[in-house]
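Participant: After the structure tokens below, expect a handful of questions from me.
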Amino acid sequence: MQALVNTLYRYPIKGLSPEALTQVNLSTGQAFPFDREYALALHDTVFDPNNPQYLSKTHFLMLMKNERLAALNTKFDTENHHLTIKKSGQELLTADLRTLAGKSEVEQFFATYMSDEIKGMPRLVHAPDFSFSDVAAKVISCINLESLRDLERTLGTIIHPLRFRANVYFEGIPAWEELSWIGKEFMLGTAQVRVMKGITRCAATNVNPETAQRDLKIPNALVKNYKHNFLGVYLEVLSAGELHLNSSFSPPI
């Protein structure tokens with residue numbers, strides 16, 4: 001049985017827009033390049049860029065609590081680290097994240113945009129070779145589209161895949177089979193990977209990425225209908241390689 005890579009995404013700033021990719025170079029022990037490269041820390045979050053440590057998502061602006069983030073369309077230039085923010089097609093800000101002035105512009109923008117939801121000034125944080133993942137390890141998140149389609153059939157509604165903010169979306173494997181892969185290894189593109197664990201789903205998935213509204217109760221639906229709240233799996237890269245759109249791969253047996 002062969003699976004097929006359907007789409008690839010990275011999320012340069014935690015909680016903000018995805019960016020579609022056609023191919024990605026995977027490095028041993030690393031996440032997608034530029035994935036969760038930056039984050040917007042709450043004013044009282046303690047983060048040392050010289051000694052970066054994992055912090056839970058509650059220390060940052062994120063969709064689980066701040067659904068209005070989904071109304072923004074952001075683009076990150078990996079060459080010059082410029083961030084562009086748009087809403088409803090109108091450009092609101094372009095800033096250089098490598099400069100103090102640019103970081104200050106971004107922080108002030110989100111302090112104003114989120115003023116009725118947060119206290120104080122959020123801080124744009126970054127550290128070399130660090131990913132602001134929802135888990136402590138550097139991982140790649142993967143969604144089996146057949147599992148998502150099964151959930152759609154169960155709920156009788158269309159569910160936008162980007163609610164789940166994964167790096168890799170694949171198809172061709174029976175629904176939920178990926179949850180049996182925990183601890184197993186396989187080749188994803190030309191990289192060797194190991195399945196670490198299932199992805200626990202939180203209230204962020206209730207937010208419609210097209211409307212920025214909470215219109216579903218995904219975690220509740222998973223528990224009610226499947227007796228678990230997993231959708232997707234985390235992978236760790238064991239050996240470097242390349243991954244492309246439409247790459248086929250044989251999942252672990």
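Residue names in the structure tokens use chain letters A, B, ... in the order shown, residue numbers from 1 in each chain, and ligand numbers from 1 in the order shown.
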Using only C-alpha atoms, tabulate the residues of stretch 63-97 of chain A lying at most 12 Å from any atom of stretch 119-127 of chain A, each with its closest atom pair and that distance in Å to one decimal, by chain and increasing residue number, as JSON lines.

Facilitator:
{"residue": "A:His81", "atom": "CA", "partner": "A:His126", "partner_atom": "CA", "distance": 11.6}
{"residue": "A:Leu83", "atom": "CA", "partner": "A:Leu124", "partner_atom": "CA", "distance": 11.7}
{"residue": "A:Ala95", "atom": "CA", "partner": "A:Leu124", "partner_atom": "CA", "distance": 11.9}
{"residue": "A:Asp96", "atom": "CA", "partner": "A:Leu124", "partner_atom": "CA", "distance": 11.7}
{"residue": "A:Leu97", "atom": "CA", "partner": "A:Leu124", "partner_atom": "CA", "distance": 8.4}

Participant: Quick one: contact table of stretch 19-94 of chain A to stretch 183-197 of chain A, 9 Å max, nearest atom pair and distance in Å to one decimal per residue, counting only C-alpha atoms, chain and number order, as a Markdown table?

Facilitator:
| residue | atom | partner | partner_atom | distance |
| --- | --- | --- | --- | --- |
| A:Asn25 | CA | A:Ala191 | CA | 8.9 |
| A:Leu26 | CA | A:Ala191 | CA | 6.8 |
| A:Ser27 | CA | A:Ala191 | CA | 8.2 |
| A:Thr28 | CA | A:Ala191 | CA | 8.5 |

Participant: Can you tell me, as an mmCIF file with N, CA and C atoms, in the first residue's frame, what residues are no more than 10 Å from A:Phe109 when counting only C-alpha atoms, ignoring any on the same chain fewer than 3 positions away?

Facilitator:
data_model
loop_
_atom_site.group_PDB
_atom_site.id
_atom_site.type_symbol
_atom_site.label_atom_id
_atom_site.label_comp_id
_atom_site.auth_asym_id
_atom_site.auth_seq_id
_atom_site.Cartn_x
_atom_site.Cartn_y
_atom_site.Cartn_z
ATOM 1 N N ILE A 85 1.858 41.685 6.803
ATOM 2 C CA ILE A 85 0.566 41.359 7.401
ATOM 3 C C ILE A 85 -0.527 42.036 6.594
ATOM 4 N N LEU A 92 -1.342 45.849 5.975
ATOM 5 C CA LEU A 92 -1.341 46.614 7.207
ATOM 6 C C LEU A 92 0.061 46.911 7.716
ATOM 7 N N LEU A 93 1.017 46.040 7.380
ATOM 8 C CA LEU A 93 2.362 46.224 7.910
ATOM 9 C C LEU A 93 3.343 45.357 7.147
ATOM 10 N N LYS A 103 10.915 44.598 14.807
ATOM 11 C CA LYS A 103 10.281 43.811 15.869
ATOM 12 C C LYS A 103 9.313 44.669 16.669
ATOM 13 N N SER A 104 9.722 45.905 16.964
ATOM 14 C CA SER A 104 8.857 46.807 17.726
ATOM 15 C C SER A 104 7.573 47.119 16.971
ATOM 16 N N GLU A 105 7.666 47.295 15.653
ATOM 17 C CA GLU A 105 6.479 47.545 14.836
ATOM 18 C C GLU A 105 5.508 46.375 14.920
ATOM 19 N N VAL A 106 6.032 45.162 14.830
ATOM 20 C CA VAL A 106 5.184 43.971 14.892
ATOM 21 C C VAL A 106 4.537 43.848 16.271
ATOM 22 N N THR A 112 -2.103 46.328 19.622
ATOM 23 C CA THR A 112 -3.311 47.055 19.242
ATOM 24 C C THR A 112 -4.387 46.105 18.725
ATOM 25 N N TYR A 113 -3.985 45.190 17.856
ATOM 26 C CA TYR A 113 -4.944 44.276 17.229
ATOM 27 C C TYR A 113 -5.611 43.360 18.259
ATOM 28 N N MET A 114 -4.854 42.980 19.287
ATOM 29 C CA MET A 114 -5.358 42.047 20.296
ATOM 30 C C MET A 114 -5.673 42.752 21.616
ATOM 31 N N SER A 115 -5.877 44.058 21.594
ATOM 32 C CA SER A 115 -5.940 44.845 22.831
ATOM 33 C C SER A 115 -7.047 44.416 23.789
ATOM 34 N N MET A 121 2.265 44.365 26.345
ATOM 35 C CA MET A 121 2.850 44.300 25.006
ATOM 36 C C MET A 121 3.386 42.900 24.736
ATOM 37 N N PRO A 122 2.891 42.224 23.689
ATOM 38 C CA PRO A 122 3.499 40.944 23.331
ATOM 39 C C PRO A 122 4.912 41.164 22.808
#

Participant: What is the distance, in Å and to one decimal place, between atom CA of A:Ser141 and atom CA of A:Gln2?

Facilitator: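 That distance, rounded to one decimal, is 19.0 Å.
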
Participant: As a PyMOL selection string, please: all residues of stretch 15-240 of chain A that backbone DSSP puts in helix (DSSP H, G or I).

Facilitator: chain A and resi 57-59+67-71+100-113+145-155+161-164+177-180+203-206+218-226

Participant: Since we have the selection now, will you write its residues out, keeping N, CA and C atoms, as a compact mmCIF listing (two decimals), in the first residue's frame?

Facilitator:
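Wrote selection06.txt, looks like this:
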# COMPACT_ATOMS: atom_id res chain seq x y z
N LYS A 57 2.06 26.21 24.68
CA LYS A 57 1.44 27.18 23.78
C LYS A 57 0.73 28.31 24.53
N THR A 58 0.36 28.09 25.79
CA THR A 58 -0.36 29.11 26.55
C THR A 58 0.50 30.33 26.86
N HIS A 59 1.81 30.25 26.60
CA HIS A 59 2.70 31.39 26.81
C HIS A 59 2.74 32.33 25.62
N GLU A 67 -8.70 33.49 18.32
CA GLU A 67 -9.13 33.11 16.98
C GLU A 67 -9.03 34.23 15.97
N ARG A 68 -9.01 35.49 16.43
CA ARG A 68 -8.94 36.58 15.46
C ARG A 68 -7.61 36.60 14.71
N LEU A 69 -6.62 35.86 15.18
CA LEU A 69 -5.38 35.73 14.41
C LEU A 69 -5.64 35.13 13.03
N ALA A 70 -6.66 34.28 12.95
CA ALA A 70 -6.96 33.61 11.68
C ALA A 70 -7.48 34.58 10.62
N ALA A 71 -7.89 35.78 11.03
CA ALA A 71 -8.38 36.77 10.07
C ALA A 71 -7.24 37.48 9.35
N LEU A 100 15.55 45.81 15.54
CA LEU A 100 14.77 46.20 16.72
C LEU A 100 13.55 47.02 16.32
N ALA A 101 13.73 47.88 15.34
CA ALA A 101 12.62 48.72 14.88
C ALA A 101 11.51 47.86 14.27
N GLY A 102 11.90 46.88 13.45
CA GLY A 102 10.92 46.00 12.83
C GLY A 102 10.18 45.16 13.86
N LYS A 103 10.92 44.60 14.81
CA LYS A 103 10.28 43.81 15.87
C LYS A 103 9.31 44.67 16.67
N SER A 104 9.72 45.91 16.96
CA SER A 104 8.86 46.81 17.73
C SER A 104 7.57 47.12 16.97
N GLU A 105 7.67 47.29 15.65
CA GLU A 105 6.48 47.54 14.84
C GLU A 105 5.51 46.37 14.92
N VAL A 106 6.03 45.16 14.83
CA VAL A 106 5.18 43.97 14.89
C VAL A 106 4.54 43.85 16.27
N GLU A 107 5.32 44.07 17.30
CA GLU A 107 4.79 43.97 18.66
C GLU A 107 3.69 44.99 18.91
N GLN A 108 3.90 46.21 18.44
CA GLN A 108 2.89 47.25 18.62
C GLN A 108 1.64 46.92 17.81
N PHE A 109 1.81 46.37 16.62
CA PHE A 109 0.65 45.99 15.81
C PHE A 109 -0.22 44.99 16.57
N PHE A 110 0.41 43.96 17.12
CA PHE A 110 -0.39 42.93 17.79
C PHE A 110 -0.91 43.40 19.15
N ALA A 111 -0.21 44.31 19.80
CA ALA A 111 -0.74 44.88 21.04
C ALA A 111 -2.04 45.62 20.76
N THR A 112 -2.10 46.33 19.62
CA THR A 112 -3.31 47.06 19.24
C THR A 112 -4.39 46.10 18.72
N TYR A 113 -3.98 45.19 17.86
CA TYR A 113 -4.94 44.28 17.23
C TYR A 113 -5.61 43.36 18.26
N LEU A 145 -5.37 12.41 5.40
CA LEU A 145 -6.60 13.02 4.91
C LEU A 145 -7.78 12.05 4.94
N GLU A 146 -7.52 10.75 4.91
CA GLU A 146 -8.63 9.79 5.02
C GLU A 146 -9.24 9.83 6.41
N SER A 147 -8.42 10.08 7.43
CA SER A 147 -8.97 10.22 8.79
C SER A 147 -9.83 11.47 8.87
N LEU A 148 -9.35 12.56 8.26
CA LEU A 148 -10.13 13.79 8.25
C LEU A 148 -11.44 13.60 7.50
N ARG A 149 -11.41 12.89 6.39
CA ARG A 149 -12.64 12.65 5.62
C ARG A 149 -13.63 11.78 6.40
N ASP A 150 -13.09 10.85 7.18
CA ASP A 150 -13.97 10.03 8.01
C ASP A 150 -14.64 10.90 9.07
N LEU A 151 -13.89 11.83 9.65
CA LEU A 151 -14.48 12.75 10.62
C LEU A 151 -15.54 13.64 9.95
N GLU A 152 -15.27 14.06 8.73
CA GLU A 152 -16.26 14.85 7.99
C GLU A 152 -17.56 14.06 7.81
N ARG A 153 -17.43 12.79 7.44
CA ARG A 153 -18.63 11.96 7.26
C ARG A 153 -19.38 11.80 8.57
N THR A 154 -18.63 11.63 9.64
CA THR A 154 -19.25 11.44 10.95
C THR A 154 -20.02 12.68 11.38
N LEU A 155 -19.45 13.87 11.14
CA LEU A 155 -20.09 15.11 11.56
C LEU A 155 -21.03 15.68 10.50
N PRO A 161 -8.81 21.36 6.05
CA PRO A 161 -7.61 20.70 6.58
C PRO A 161 -6.68 21.62 7.36
N LEU A 162 -6.67 22.92 7.01
CA LEU A 162 -5.73 23.82 7.67
C LEU A 162 -6.13 24.16 9.10
N ARG A 163 -7.29 23.69 9.55
CA ARG A 163 -7.61 23.80 10.98
C ARG A 163 -6.53 23.11 11.82
N PHE A 164 -5.87 22.10 11.23
CA PHE A 164 -4.98 21.24 12.00
C PHE A 164 -3.52 21.65 11.87
N GLU A 177 -5.40 4.59 10.47
CA GLU A 177 -4.33 3.60 10.52
C GLU A 177 -3.03 4.20 11.05
N GLU A 178 -2.83 5.49 10.83
CA GLU A 178 -1.59 6.14 11.25
C GLU A 178 -1.39 6.07 12.77
N LEU A 179 -2.46 5.94 13.52
CA LEU A 179 -2.34 5.87 14.98
C LEU A 179 -1.73 4.55 15.44
N SER A 180 -1.64 3.58 14.53
CA SER A 180 -1.00 2.30 14.86
C SER A 180 0.49 2.31 14.54
N ALA A 203 -8.63 23.23 21.30
CA ALA A 203 -9.67 24.12 20.80
C ALA A 203 -9.24 24.96 19.60
N ALA A 204 -7.94 24.99 19.28
CA ALA A 204 -7.50 25.72 18.09
C ALA A 204 -8.18 25.17 16.83
N THR A 205 -8.46 23.87 16.82
CA THR A 205 -9.07 23.25 15.64
C THR A 205 -10.53 23.64 15.47
N ASN A 206 -11.12 24.26 16.47
CA ASN A 206 -12.50 24.72 16.36
C ASN A 206 -12.62 25.98 15.50
N ILE A 218 -14.18 20.27 17.52
CA ILE A 218 -13.42 19.12 17.04
C ILE A 218 -12.98 18.19 18.18
N PRO A 219 -12.31 18.68 19.23
CA PRO A 219 -11.87 17.76 20.29
C PRO A 219 -13.04 16.98 20.90
N ASN A 220 -14.15 17.66 21.15
CA ASN A 220 -15.32 16.99 21.71
C ASN A 220 -15.86 15.93 20.76
N ALA A 221 -15.87 16.25 19.47
CA ALA A 221 -16.37 15.31 18.47
C ALA A 221 -15.49 14.06 18.39
N LEU A 222 -14.17 14.26 18.48
CA LEU A 222 -13.25 13.12 18.44
C LEU A 222 -13.50 12.19 19.63
N VAL A 223 -13.60 12.76 20.82
CA VAL A 223 -13.82 11.94 22.01
C VAL A 223 -15.18 11.24 21.95
N LYS A 224 -16.20 11.97 21.54
CA LYS A 224 -17.55 11.40 21.50
C LYS A 224 -17.66 10.26 20.50
N ASN A 225 -17.04 10.43 19.33
CA ASN A 225 -17.25 9.46 18.25
C ASN A 225 -16.15 8.41 18.14
N TYR A 226 -14.94 8.73 18.64
CA TYR A 226 -13.83 7.79 18.45
C TYR A 226 -13.16 7.39 19.77

Participant: Extract the full set of strand (DSSP E) residues from stretch 7-217 of chain A according to DSSP on the backbone, and format it as a PyMOL selection string.

Facilitator: chain A and resi 7-10+19-21+23-26+38-41+72-77+82-87+90-96+123-126+140-144+168-171+185-188+191-200

Participant: Restrict the selected residues to C-alpha atoms and save them as a compact mmCIF listing (two decimals), in the first residue's frame.

Facilitator:
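Written output follows (part_3.txt):
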# COMPACT_ATOMS: atom_id res chain seq x y z
CA THR A 7 0.32 19.16 0.49
CA LEU A 8 3.24 20.60 2.48
CA TYR A 9 3.19 23.62 4.79
CA ARG A 10 5.36 25.55 7.19
CA GLU A 19 2.91 28.86 3.70
CA ALA A 20 2.54 26.16 1.06
CA LEU A 21 5.69 24.40 -0.16
CA GLN A 23 9.49 20.54 -1.60
CA VAL A 24 11.43 20.60 1.64
CA ASN A 25 14.87 19.44 2.76
CA LEU A 26 14.61 17.47 5.99
CA TYR A 38 9.20 33.03 15.58
CA ALA A 39 6.47 33.38 18.18
CA LEU A 40 4.57 36.20 19.86
CA ALA A 41 5.14 35.74 23.57
CA LEU A 72 -4.86 37.91 9.22
CA ASN A 73 -2.93 36.81 6.16
CA THR A 74 0.81 36.88 6.76
CA LYS A 75 3.78 36.22 4.52
CA PHE A 76 7.33 35.65 5.72
CA ASP A 77 10.32 36.14 3.41
CA HIS A 82 10.47 40.50 6.29
CA LEU A 83 6.97 39.85 7.62
CA THR A 84 3.97 41.24 5.72
CA ILE A 85 0.57 41.36 7.40
CA LYS A 86 -2.68 41.78 5.46
CA LYS A 87 -6.35 41.67 6.35
CA GLN A 90 -5.30 45.31 2.60
CA GLU A 91 -1.64 45.48 3.60
CA LEU A 92 -1.34 46.61 7.21
CA LEU A 93 2.36 46.22 7.91
CA THR A 94 5.69 45.11 6.49
CA ALA A 95 8.57 44.84 8.93
CA ASP A 96 12.10 43.45 9.10
CA ARG A 123 7.11 40.24 22.43
CA LEU A 124 8.35 38.78 19.16
CA VAL A 125 10.77 36.02 20.19
CA HIS A 126 13.28 33.97 18.24
CA ILE A 140 7.06 17.17 11.77
CA SER A 141 3.28 17.03 12.06
CA CYS A 142 1.37 14.82 9.63
CA ILE A 143 -2.33 14.39 8.84
CA ASN A 144 -3.93 11.43 7.11
CA VAL A 168 2.44 17.14 5.78
CA TYR A 169 -0.97 16.06 4.53
CA PHE A 170 -1.10 12.64 2.88
CA GLU A 171 -3.70 10.25 1.49
CA GLU A 185 10.10 3.85 11.21
CA PHE A 186 9.66 4.41 7.48
CA MET A 187 11.03 6.42 4.56
CA LEU A 188 9.28 9.72 3.91
CA ALA A 191 14.41 10.80 4.71
CA GLN A 192 14.07 8.14 7.37
CA VAL A 193 11.56 9.06 10.06
CA ARG A 194 10.10 7.59 13.23
CA VAL A 195 6.52 8.10 14.41
CA MET A 196 6.70 9.60 17.91
CA LYS A 197 3.09 9.91 19.02
CA GLY A 198 -0.40 10.94 18.05
CA ILE A 199 -1.32 14.63 18.01
CA THR A 200 -3.73 15.63 20.76

Participant: Sorted by chain and rising residue number, which residues of stretch 89-204 of chain A lie within 12 Å of stretch 50-56 of chain A, and what are their closest atom pairs and distances in Å to one decimal, counting only C-alpha atoms, as CSV?

Facilitator:
residue,atom,partner,partner_atom,distance
A:Val125,CA,A:Pro52,CA,10.0
A:His126,CA,A:Pro52,CA,8.8
A:Ala127,CA,A:Pro52,CA,6.6
A:Pro128,CA,A:Asn50,CA,8.6
A:Asp129,CA,A:Pro52,CA,9.5
A:Phe130,CA,A:Pro52,CA,7.3
A:Ser131,CA,A:Tyr54,CA,8.7
A:Phe132,CA,A:Tyr54,CA,7.3
A:Ser133,CA,A:Tyr54,CA,8.0
A:Asp134,CA,A:Ser56,CA,6.3
A:Val135,CA,A:Ser56,CA,7.5
A:Ala136,CA,A:Tyr54,CA,5.4
A:Ala137,CA,A:Tyr54,CA,8.5
A:Lys138,CA,A:Tyr54,CA,10.3

Participant: Export, as a short mmCIF file (atom, residue, chain, number, x, y, z; two decimals), in the first residue's frame, the selected residues with N, CA and C atoms.

Facilitator:
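Contents of out-v3.cif, freshly written:
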data_model
loop_
_atom_site.label_atom_id
_atom_site.label_comp_id
_atom_site.auth_asym_id
_atom_site.auth_seq_id
_atom_site.Cartn_x
_atom_site.Cartn_y
_atom_site.Cartn_z
N VAL A 125 9.61 36.76 19.69
CA VAL A 125 10.77 36.02 20.19
C VAL A 125 11.28 35.05 19.12
N HIS A 126 12.58 34.81 19.22
CA HIS A 126 13.28 33.97 18.24
C HIS A 126 14.59 33.53 18.87
N ALA A 127 15.03 32.34 18.51
CA ALA A 127 16.35 31.87 18.94
C ALA A 127 16.92 30.99 17.84
N PRO A 128 18.20 31.08 17.57
CA PRO A 128 18.79 30.25 16.52
C PRO A 128 18.55 28.76 16.76
N ASP A 129 18.21 28.06 15.68
CA ASP A 129 18.04 26.60 15.74
C ASP A 129 17.00 26.18 16.76
N PHE A 130 15.93 26.96 16.88
CA PHE A 130 14.88 26.65 17.85
C PHE A 130 13.53 26.73 17.15
N SER A 131 12.63 25.82 17.48
CA SER A 131 11.29 25.81 16.92
C SER A 131 10.26 25.91 18.05
N PHE A 132 9.32 26.85 17.90
CA PHE A 132 8.29 27.04 18.92
C PHE A 132 7.13 26.06 18.68
N SER A 133 7.46 24.79 18.77
CA SER A 133 6.48 23.74 18.55
C SER A 133 5.57 23.60 19.76
N ASP A 134 4.45 22.90 19.57
CA ASP A 134 3.56 22.59 20.69
C ASP A 134 4.12 21.48 21.57
N VAL A 135 5.18 20.83 21.12
CA VAL A 135 5.83 19.78 21.92
C VAL A 135 7.31 20.13 22.05
N ALA A 136 7.96 19.52 23.04
CA ALA A 136 9.34 19.89 23.33
C ALA A 136 10.32 19.43 22.25
N ALA A 137 10.01 18.34 21.57
CA ALA A 137 10.91 17.81 20.55
C ALA A 137 10.73 18.58 19.23
N LYS A 138 11.74 18.50 18.38
CA LYS A 138 11.64 19.05 17.03
C LYS A 138 10.97 18.00 16.15
#

Participant: Just to confirm, what's the straight-line distance from atom CA of A:Leu231 to atom CA of A:Arg201 in Å (one decimal)?

Facilitator: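 Straight-line distance from atom CA of A:Leu231 to atom CA of A:Arg201 works out to 6.6 Å.
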
Participant: Could you tell me how far atom CA of A:Leu4 sits from atom CA of A:Pro252, in Å to one decimal place?

Facilitator: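 Between atom CA of A:Pro252 and atom CA of A:Leu4 the gap works out to 14.0 Å.
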
Participant: Might you pull out every residue within 8 Å of A:Ile13, with only C-alpha atoms counted and same-chain residues fewer than 2 positions away left off, and present them as a list in words?

Facilitator: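 Residues meeting the cut-off are Tyr11, Gly15, Leu16, Ser17, Asp35, Arg36, Glu37, Tyr38, Ala39 and Leu40 of chain A.
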